[in-house]
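Written below as structure tokens is the structure these notes are about.
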Amino acid sequence: MNSWAQAMTETDFAASASSSERRILVSLTGTADLTVKSQLDRFLREVHAQAQRCLAEVVTVDVRQLEFMNSSCLKCFVWWISTVQEQAGEAKYRIVFITSPSVYWQRRSLNALACLADDIITIQA
Amino acid sequence: MPEGETLSFGLQIQPHSRMVSIVRRFVEESFGKLVGDPQAVFRVSLAVHELLENAAKYAVGDKTGLTVHFESNGSAAKIKLTNQTTPEHIARLQASIEEIQSSKEPFALYQTLMRRTFGVPDESGLGLARIRAEGELDLSLEIDGTMVTITASCMRSKELSHE
């Protein structure tokens with residue numbers, strides 16, 4: 001299976017993703033706010049497309065260095081999670097968030113996301 | 001607000017998206033040094049961020065007024081944001097805040113809105129519900145012509161610092 005990588009960098013936000021076999025690792029750093037909402041939206045759509053191509057089993061999203069995420073960017077994740085949840089069979093994959101207990105938005109916001117689809121989302125501190 | 005030392009500031013700023021995170025960081029850093037409860041500081045800074053983004057998206061004119069009052073022990077807070085906006089946005093705000101105020105289960109409403117709004121482009125529809133559900137702050141709205149003031153507050157001493 002070919003490897004794949006994707007990255008984007010804005011003034012105060014960066015996202016990268018790479019895949020190997022049936023696993024994708026995503027890393028988000030900085031601040032996800034209104035200024036990067038459309039870029040994050042496109043980025044997550046590309047991650048999902050790659051997950052479908054490689055029949056990913058799991059996408060790990062490392063948000064430990066993500067200082068803040070606003071509600072518009074959370075909505076990008078709602079779209080992604082809802083889309084994955086609608087998939088069937090091998091097209092459906094798990095999403096694992098790697099979090100930092102010292103970044104306060106993460107527990108509350110990611111728990112809210114996890115409640116949307118607790119069958120596919122895992123939160124690791 | 002309960003008796004005790006009150007920390008506060010007021011800003012008059014341009015409602016621009018690039019200002020939002022700058023002001024949130026200012027709130028986090030300044031109150032973080034003065035208030036001994038990082039969770040309480042986070043909840044206030046979350047409200048500041050979401051309210052300012054609301055203004056950045058929907059305010060008319062170039063002035064937005066923000067005031068933040070914080071009990072120094074983290075026990076109570078009040079955030080007020082005032083700006084001019086359109087009649088259409090005022091109607092949306094009224095409906096949104098009424099729905100939030102009437103909900104006895106803020107987290108359940110937040111989840112419902114996540115499902116309801118994820119297919120609606122160009123509008124989050126989640127910011128105010130997030131302030132209520134994640135920030136655990138009460139919301140109210142005052143309207144004076146085309147001027148609106150949204151207040152997010154917690155007056156009960158146990159609530160703001162409650163984990």
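Here's how to read the names in the structure tokens: chain A, B, ... by the order shown, residue numbers from 1 in each chain, ligand numbers from 1 in the order shown.
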
Neighbour list for Arg107 of chain A as a count of residues only, cut-off 12 Å, only C-alpha atoms, skip fewer than 3 positions in-chain:
25

Select all residues from chain B having any atom no more than 8 Å from an atom of chain A (counting only C-alpha atoms, ignoring ligands), output as an mmCIF file with C-alpha atoms, in the first residue's frame.
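Listed below is the output, part.cif:
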data_model
loop_
_atom_site.group_PDB
_atom_site.id
_atom_site.type_symbol
_atom_site.label_atom_id
_atom_site.label_comp_id
_atom_site.auth_asym_id
_atom_site.auth_seq_id
_atom_site.Cartn_x
_atom_site.Cartn_y
_atom_site.Cartn_z
ATOM 1 C CA SER B 17 -11.795 37.436 13.245
ATOM 2 C CA ARG B 18 -8.057 37.996 13.744
ATOM 3 C CA SER B 21 -7.865 34.619 19.643
ATOM 4 C CA GLN B 39 -11.017 25.660 34.846
ATOM 5 C CA PHE B 42 -11.017 28.530 30.708
ATOM 6 C CA HIS B 49 -13.950 33.663 22.252
ATOM 7 C CA GLU B 50 -17.362 32.456 21.093
ATOM 8 C CA GLU B 53 -16.531 35.361 16.948
ATOM 9 C CA PHE B 107 -25.657 19.350 27.120
ATOM 10 C CA GLN B 111 -25.739 17.589 21.068
ATOM 11 C CA MET B 114 -24.492 19.600 16.641
ATOM 12 C CA ARG B 115 -26.598 17.115 14.690
ATOM 13 C CA THR B 117 -26.402 22.264 12.177
ATOM 14 C CA PHE B 118 -23.539 20.181 10.781
ATOM 15 C CA GLY B 119 -24.966 20.302 7.261
ATOM 16 C CA GLU B 123 -23.058 29.292 10.297
ATOM 17 C CA SER B 124 -21.835 27.407 13.321
ATOM 18 C CA LEU B 126 -23.120 26.091 18.188
ATOM 19 C CA GLY B 127 -21.259 28.930 19.862
ATOM 20 C CA ARG B 130 -21.332 25.709 23.765
ATOM 21 C CA GLU B 134 -19.285 23.542 28.160
#

(request) From segment 38-109 of chain B, collect each residue whose DSSP state is alpha helix (DSSP H) and return the set as a PyMOL selection string. (result) chain B and resi 38-58+87-102+106-109

Limited to N, CA and C atoms, could you put the picked residues into a file as a compact mmCIF listing (two decimals), in the first residue's frame?
# COMPACT_ATOMS: atom_id res chain seq x y z
N PRO B 38 -7.91 27.44 37.15
CA PRO B 38 -7.75 27.43 35.69
C PRO B 38 -8.99 26.97 34.93
N GLN B 39 -9.78 26.09 35.52
CA GLN B 39 -11.02 25.66 34.85
C GLN B 39 -11.98 26.83 34.70
N ALA B 40 -12.07 27.63 35.76
CA ALA B 40 -12.97 28.79 35.72
C ALA B 40 -12.47 29.80 34.68
N VAL B 41 -11.18 29.99 34.63
CA VAL B 41 -10.60 30.91 33.64
C VAL B 41 -10.88 30.40 32.23
N PHE B 42 -10.74 29.10 32.02
CA PHE B 42 -11.02 28.53 30.71
C PHE B 42 -12.47 28.79 30.31
N ARG B 43 -13.39 28.59 31.25
CA ARG B 43 -14.81 28.74 30.90
C ARG B 43 -15.13 30.18 30.50
N VAL B 44 -14.50 31.13 31.18
CA VAL B 44 -14.70 32.54 30.83
C VAL B 44 -14.05 32.84 29.48
N SER B 45 -12.85 32.34 29.25
CA SER B 45 -12.17 32.63 27.98
C SER B 45 -12.90 31.96 26.81
N LEU B 46 -13.49 30.80 27.05
CA LEU B 46 -14.31 30.15 26.02
C LEU B 46 -15.47 31.06 25.63
N ALA B 47 -16.15 31.61 26.64
CA ALA B 47 -17.29 32.49 26.36
C ALA B 47 -16.83 33.74 25.62
N VAL B 48 -15.71 34.31 26.03
CA VAL B 48 -15.17 35.50 25.35
C VAL B 48 -14.91 35.17 23.88
N HIS B 49 -14.29 34.04 23.64
CA HIS B 49 -13.95 33.66 22.25
C HIS B 49 -15.22 33.50 21.41
N GLU B 50 -16.17 32.73 21.90
CA GLU B 50 -17.36 32.46 21.09
C GLU B 50 -18.19 33.72 20.88
N LEU B 51 -18.29 34.57 21.89
CA LEU B 51 -19.06 35.81 21.73
C LEU B 51 -18.38 36.75 20.74
N LEU B 52 -17.06 36.85 20.84
CA LEU B 52 -16.33 37.73 19.91
C LEU B 52 -16.42 37.22 18.47
N GLU B 53 -16.39 35.90 18.31
CA GLU B 53 -16.53 35.36 16.95
C GLU B 53 -17.91 35.66 16.39
N ASN B 54 -18.89 35.59 17.27
CA ASN B 54 -20.25 35.95 16.86
C ASN B 54 -20.26 37.39 16.33
N ALA B 55 -19.59 38.27 17.05
CA ALA B 55 -19.53 39.67 16.63
C ALA B 55 -18.74 39.80 15.33
N ALA B 56 -17.63 39.06 15.22
CA ALA B 56 -16.81 39.13 14.00
C ALA B 56 -17.61 38.72 12.77
N LYS B 57 -18.54 37.78 12.97
CA LYS B 57 -19.32 37.30 11.83
C LYS B 57 -20.53 38.19 11.53
N TYR B 58 -21.16 38.72 12.58
CA TYR B 58 -22.47 39.33 12.37
C TYR B 58 -22.59 40.79 12.76
N PRO B 87 -31.32 43.25 11.67
CA PRO B 87 -32.58 42.70 12.22
C PRO B 87 -32.66 41.18 12.05
N GLU B 88 -32.12 40.69 10.93
CA GLU B 88 -32.18 39.23 10.70
C GLU B 88 -31.36 38.49 11.76
N HIS B 89 -30.19 39.02 12.08
CA HIS B 89 -29.37 38.35 13.09
C HIS B 89 -29.96 38.51 14.48
N ILE B 90 -30.60 39.64 14.73
CA ILE B 90 -31.27 39.81 16.04
C ILE B 90 -32.35 38.74 16.20
N ALA B 91 -33.10 38.49 15.15
CA ALA B 91 -34.15 37.46 15.23
C ALA B 91 -33.55 36.09 15.50
N ARG B 92 -32.40 35.79 14.84
CA ARG B 92 -31.73 34.50 15.07
C ARG B 92 -31.23 34.40 16.51
N LEU B 93 -30.65 35.51 16.98
CA LEU B 93 -30.13 35.52 18.36
C LEU B 93 -31.25 35.28 19.37
N GLN B 94 -32.38 35.98 19.17
CA GLN B 94 -33.51 35.82 20.09
C GLN B 94 -33.97 34.37 20.14
N ALA B 95 -34.12 33.78 18.95
CA ALA B 95 -34.58 32.39 18.89
C ALA B 95 -33.58 31.46 19.56
N SER B 96 -32.30 31.69 19.28
CA SER B 96 -31.26 30.81 19.81
C SER B 96 -31.19 30.91 21.34
N ILE B 97 -31.20 32.13 21.85
CA ILE B 97 -31.07 32.29 23.31
C ILE B 97 -32.34 31.82 24.02
N GLU B 98 -33.48 32.04 23.40
CA GLU B 98 -34.71 31.52 24.01
C GLU B 98 -34.67 29.99 24.10
N GLU B 99 -34.19 29.36 23.04
CA GLU B 99 -34.11 27.89 23.05
C GLU B 99 -33.15 27.42 24.14
N ILE B 100 -32.02 28.11 24.26
CA ILE B 100 -31.03 27.73 25.28
C ILE B 100 -31.58 27.97 26.68
N GLN B 101 -32.21 29.13 26.88
CA GLN B 101 -32.74 29.45 28.21
C GLN B 101 -33.83 28.48 28.63
N SER B 102 -34.61 28.00 27.67
CA SER B 102 -35.74 27.14 28.03
C SER B 102 -35.33 25.67 28.19
N PRO B 106 -28.82 21.48 29.07
CA PRO B 106 -27.97 22.20 28.10
C PRO B 106 -27.08 21.30 27.27
N PHE B 107 -26.55 20.23 27.87
CA PHE B 107 -25.66 19.35 27.12
C PHE B 107 -26.43 18.59 26.04
N ALA B 108 -27.65 18.16 26.38
CA ALA B 108 -28.47 17.46 25.39
C ALA B 108 -28.82 18.39 24.24
N LEU B 109 -29.13 19.64 24.57
CA LEU B 109 -29.43 20.61 23.51
C LEU B 109 -28.21 20.85 22.62

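If you look at atom CA of Thr11 of chain A and atom CA of Val36 of chain A, they are 9.3 Å away from each other.
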
Worksheet entry | Distance query Glu5 of chain B at most 12 Å, only C-alpha atoms, self and fewer than 5 positions along chain excluded, as JSON, numbers by chain | {"B": [34, 35, 69, 70, 71, 72, 73, 74, 75, 76, 77]}

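Closest to Pro15 of chain B among B:Gln84, B:Ser30, B:Ser140, B:Thr67 is B:Gln84, based on only C-alpha atoms.
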
**Report entry** Backbone DSSP call of strand (DSSP E or B) for chain B, listed as a PyMOL selection string
**Finding:** chain B and resi 6-13+59-71+77-85+138-144+147-154

Could you dump the residues just selected with N, CA and C atoms as a CSV table (one decimal), in the first residue's frame?
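Written output follows (result.csv):
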chain,number,residue,atom,x,y,z
B,6,THR,N,-13.3,42.0,43.0
B,6,THR,CA,-13.7,41.8,41.6
B,6,THR,C,-12.6,42.3,40.7
B,7,LEU,N,-12.3,41.5,39.7
B,7,LEU,CA,-11.3,41.8,38.7
B,7,LEU,C,-12.1,42.1,37.4
B,8,SER,N,-11.8,43.2,36.7
B,8,SER,CA,-12.6,43.4,35.5
B,8,SER,C,-11.8,44.2,34.5
B,9,PHE,N,-12.2,44.2,33.3
B,9,PHE,CA,-11.7,45.0,32.3
B,9,PHE,C,-12.7,45.3,31.2
B,10,GLY,N,-12.5,46.3,30.4
B,10,GLY,CA,-13.4,46.6,29.3
B,10,GLY,C,-12.6,46.9,28.1
B,11,LEU,N,-13.1,46.5,26.9
B,11,LEU,CA,-12.4,46.7,25.7
B,11,LEU,C,-13.3,47.2,24.6
B,12,GLN,N,-12.9,48.2,23.8
B,12,GLN,CA,-13.7,48.5,22.7
B,12,GLN,C,-12.8,48.1,21.5
B,13,ILE,N,-13.3,47.1,20.7
B,13,ILE,CA,-12.4,46.6,19.7
B,13,ILE,C,-13.2,46.5,18.3
B,59,ALA,N,-21.5,41.4,13.3
B,59,ALA,CA,-21.7,42.8,13.8
B,59,ALA,C,-21.7,43.7,12.5
B,60,VAL,N,-22.4,44.8,12.7
B,60,VAL,CA,-22.5,45.9,11.7
B,60,VAL,C,-21.7,47.0,12.3
B,61,GLY,N,-20.8,47.6,11.6
B,61,GLY,CA,-20.0,48.7,12.1
B,61,GLY,C,-18.7,48.2,12.6
B,62,ASP,N,-17.9,49.1,13.1
B,62,ASP,CA,-16.5,48.7,13.5
B,62,ASP,C,-16.2,48.7,15.0
B,63,LYS,N,-17.3,48.7,15.8
B,63,LYS,CA,-17.1,48.8,17.2
B,63,LYS,C,-17.8,47.7,17.9
B,64,THR,N,-17.1,47.0,18.8
B,64,THR,CA,-17.7,46.0,19.7
B,64,THR,C,-17.2,46.2,21.1
B,65,GLY,N,-18.1,46.3,22.0
B,65,GLY,CA,-17.7,46.5,23.4
B,65,GLY,C,-17.7,45.2,24.2
B,66,LEU,N,-16.6,44.9,24.9
B,66,LEU,CA,-16.5,43.7,25.7
B,66,LEU,C,-16.1,44.1,27.1
B,67,THR,N,-16.9,43.6,28.1
B,67,THR,CA,-16.5,43.8,29.5
B,67,THR,C,-16.5,42.4,30.1
B,68,VAL,N,-15.5,42.2,31.0
B,68,VAL,CA,-15.4,40.9,31.8
B,68,VAL,C,-15.2,41.3,33.2
B,69,HIS,N,-16.1,40.7,34.1
B,69,HIS,CA,-16.0,40.9,35.5
B,69,HIS,C,-15.7,39.5,36.1
B,70,PHE,N,-14.8,39.4,37.0
B,70,PHE,CA,-14.4,38.1,37.5
B,70,PHE,C,-14.1,38.2,39.0
B,71,GLU,N,-14.8,37.4,39.8
B,71,GLU,CA,-14.4,37.3,41.2
B,71,GLU,C,-13.0,36.7,41.3
B,77,ALA,N,-18.6,35.1,37.5
B,77,ALA,CA,-18.1,35.9,36.4
B,77,ALA,C,-19.3,36.4,35.6
B,78,LYS,N,-19.0,37.5,34.9
B,78,LYS,CA,-20.0,38.1,33.9
B,78,LYS,C,-19.2,38.6,32.7
B,79,ILE,N,-19.6,38.2,31.5
B,79,ILE,CA,-19.0,38.6,30.3
B,79,ILE,C,-20.1,39.3,29.5
B,80,LYS,N,-19.9,40.5,29.0
B,80,LYS,CA,-20.9,41.2,28.2
B,80,LYS,C,-20.3,41.7,26.9
B,81,LEU,N,-21.0,41.4,25.9
B,81,LEU,CA,-20.6,41.8,24.5
B,81,LEU,C,-21.7,42.7,23.9
B,82,THR,N,-21.3,43.9,23.4
B,82,THR,CA,-22.3,44.8,22.8
B,82,THR,C,-21.9,45.1,21.4
B,83,ASN,N,-22.7,45.0,20.5
B,83,ASN,CA,-22.5,45.5,19.1
B,83,ASN,C,-23.8,45.7,18.3
B,84,GLN,N,-23.6,46.4,17.2
B,84,GLN,CA,-24.7,46.6,16.4
B,84,GLN,C,-24.8,45.5,15.4
B,85,THR,N,-26.0,45.1,15.0
B,85,THR,CA,-26.2,44.0,14.0
B,85,THR,C,-27.4,44.2,13.2
B,138,ASP,N,-24.9,31.0,32.2
B,138,ASP,CA,-26.2,31.5,31.8
B,138,ASP,C,-26.1,32.5,30.7
B,139,LEU,N,-27.1,32.6,29.8
B,139,LEU,CA,-27.1,33.5,28.7
B,139,LEU,C,-28.3,34.4,28.8
B,140,SER,N,-28.1,35.7,28.5
B,140,SER,CA,-29.3,36.6,28.3
B,140,SER,C,-29.0,37.6,27.2
B,141,LEU,N,-30.0,38.2,26.7
B,141,LEU,CA,-29.9,39.1,25.5
B,141,LEU,C,-30.7,40.3,25.8
B,142,GLU,N,-30.1,41.5,25.6
B,142,GLU,CA,-30.8,42.8,25.6
B,142,GLU,C,-30.7,43.4,24.2
B,143,ILE,N,-31.8,44.0,23.8
B,143,ILE,CA,-31.9,44.6,22.5
B,143,ILE,C,-32.4,46.0,22.6
B,144,ASP,N,-31.6,46.9,21.9
B,144,ASP,CA,-32.0,48.3,21.9
B,144,ASP,C,-31.8,48.8,20.5
B,147,MET,N,-28.9,47.6,18.4
B,147,MET,CA,-27.8,47.3,19.3
B,147,MET,C,-28.2,46.1,20.1
B,148,VAL,N,-27.2,45.1,20.2
B,148,VAL,CA,-27.5,43.9,21.0
B,148,VAL,C,-26.4,43.7,22.1
B,149,THR,N,-26.8,43.3,23.3
B,149,THR,CA,-25.9,42.9,24.3
B,149,THR,C,-26.1,41.5,24.7
B,150,ILE,N,-25.2,40.7,24.6
B,150,ILE,CA,-25.3,39.3,25.1
B,150,ILE,C,-24.5,39.2,26.4
B,151,THR,N,-25.1,38.6,27.4
B,151,THR,CA,-24.4,38.5,28.7
B,151,THR,C,-24.3,37.0,29.0
B,152,ALA,N,-23.1,36.6,29.3
B,152,ALA,CA,-22.9,35.2,29.8
B,152,ALA,C,-22.4,35.3,31.2
B,153,SER,N,-23.1,34.7,32.1
B,153,SER,CA,-22.8,34.9,33.5
B,153,SER,C,-23.0,33.7,34.4
B,154,CYS,N,-22.3,33.7,35.5
B,154,CYS,CA,-22.5,32.7,36.5
B,154,CYS,C,-22.4,33.4,37.8

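For the pair atom CA of Ser103 of chain B and atom CA of Val20 of chain B, the separation is 28.0 Å.
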
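Comparing the minimum interatomic distances between Ser3 of chain A and each of A:Ala51, A:Leu66, A:Ala15, A:Leu40, counting only C-alpha atoms, we find that A:Ala51 sits nearest.
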
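Residue nearest Tyr93 of chain A, chosen from A:Gln106, A:Thr29, A:Arg23, A:Met8 and counting only C-alpha atoms: A:Arg23.
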
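Residues in contact with Ser16 of chain A at 10 Å, where only C-alpha atoms are counted and same-chain residues fewer than 5 positions away are skipped, are listed as Ala5, Gln6, Ala7, Met8, Thr9, Leu25, Val26, Ser27, Leu28, Thr29, Phe43, Val47, Val61 and Asp62 of chain A.
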
Students should find that atom CA of Glu28 of chain B and atom CA of Glu10 of chain A are spaced 22.3 Å
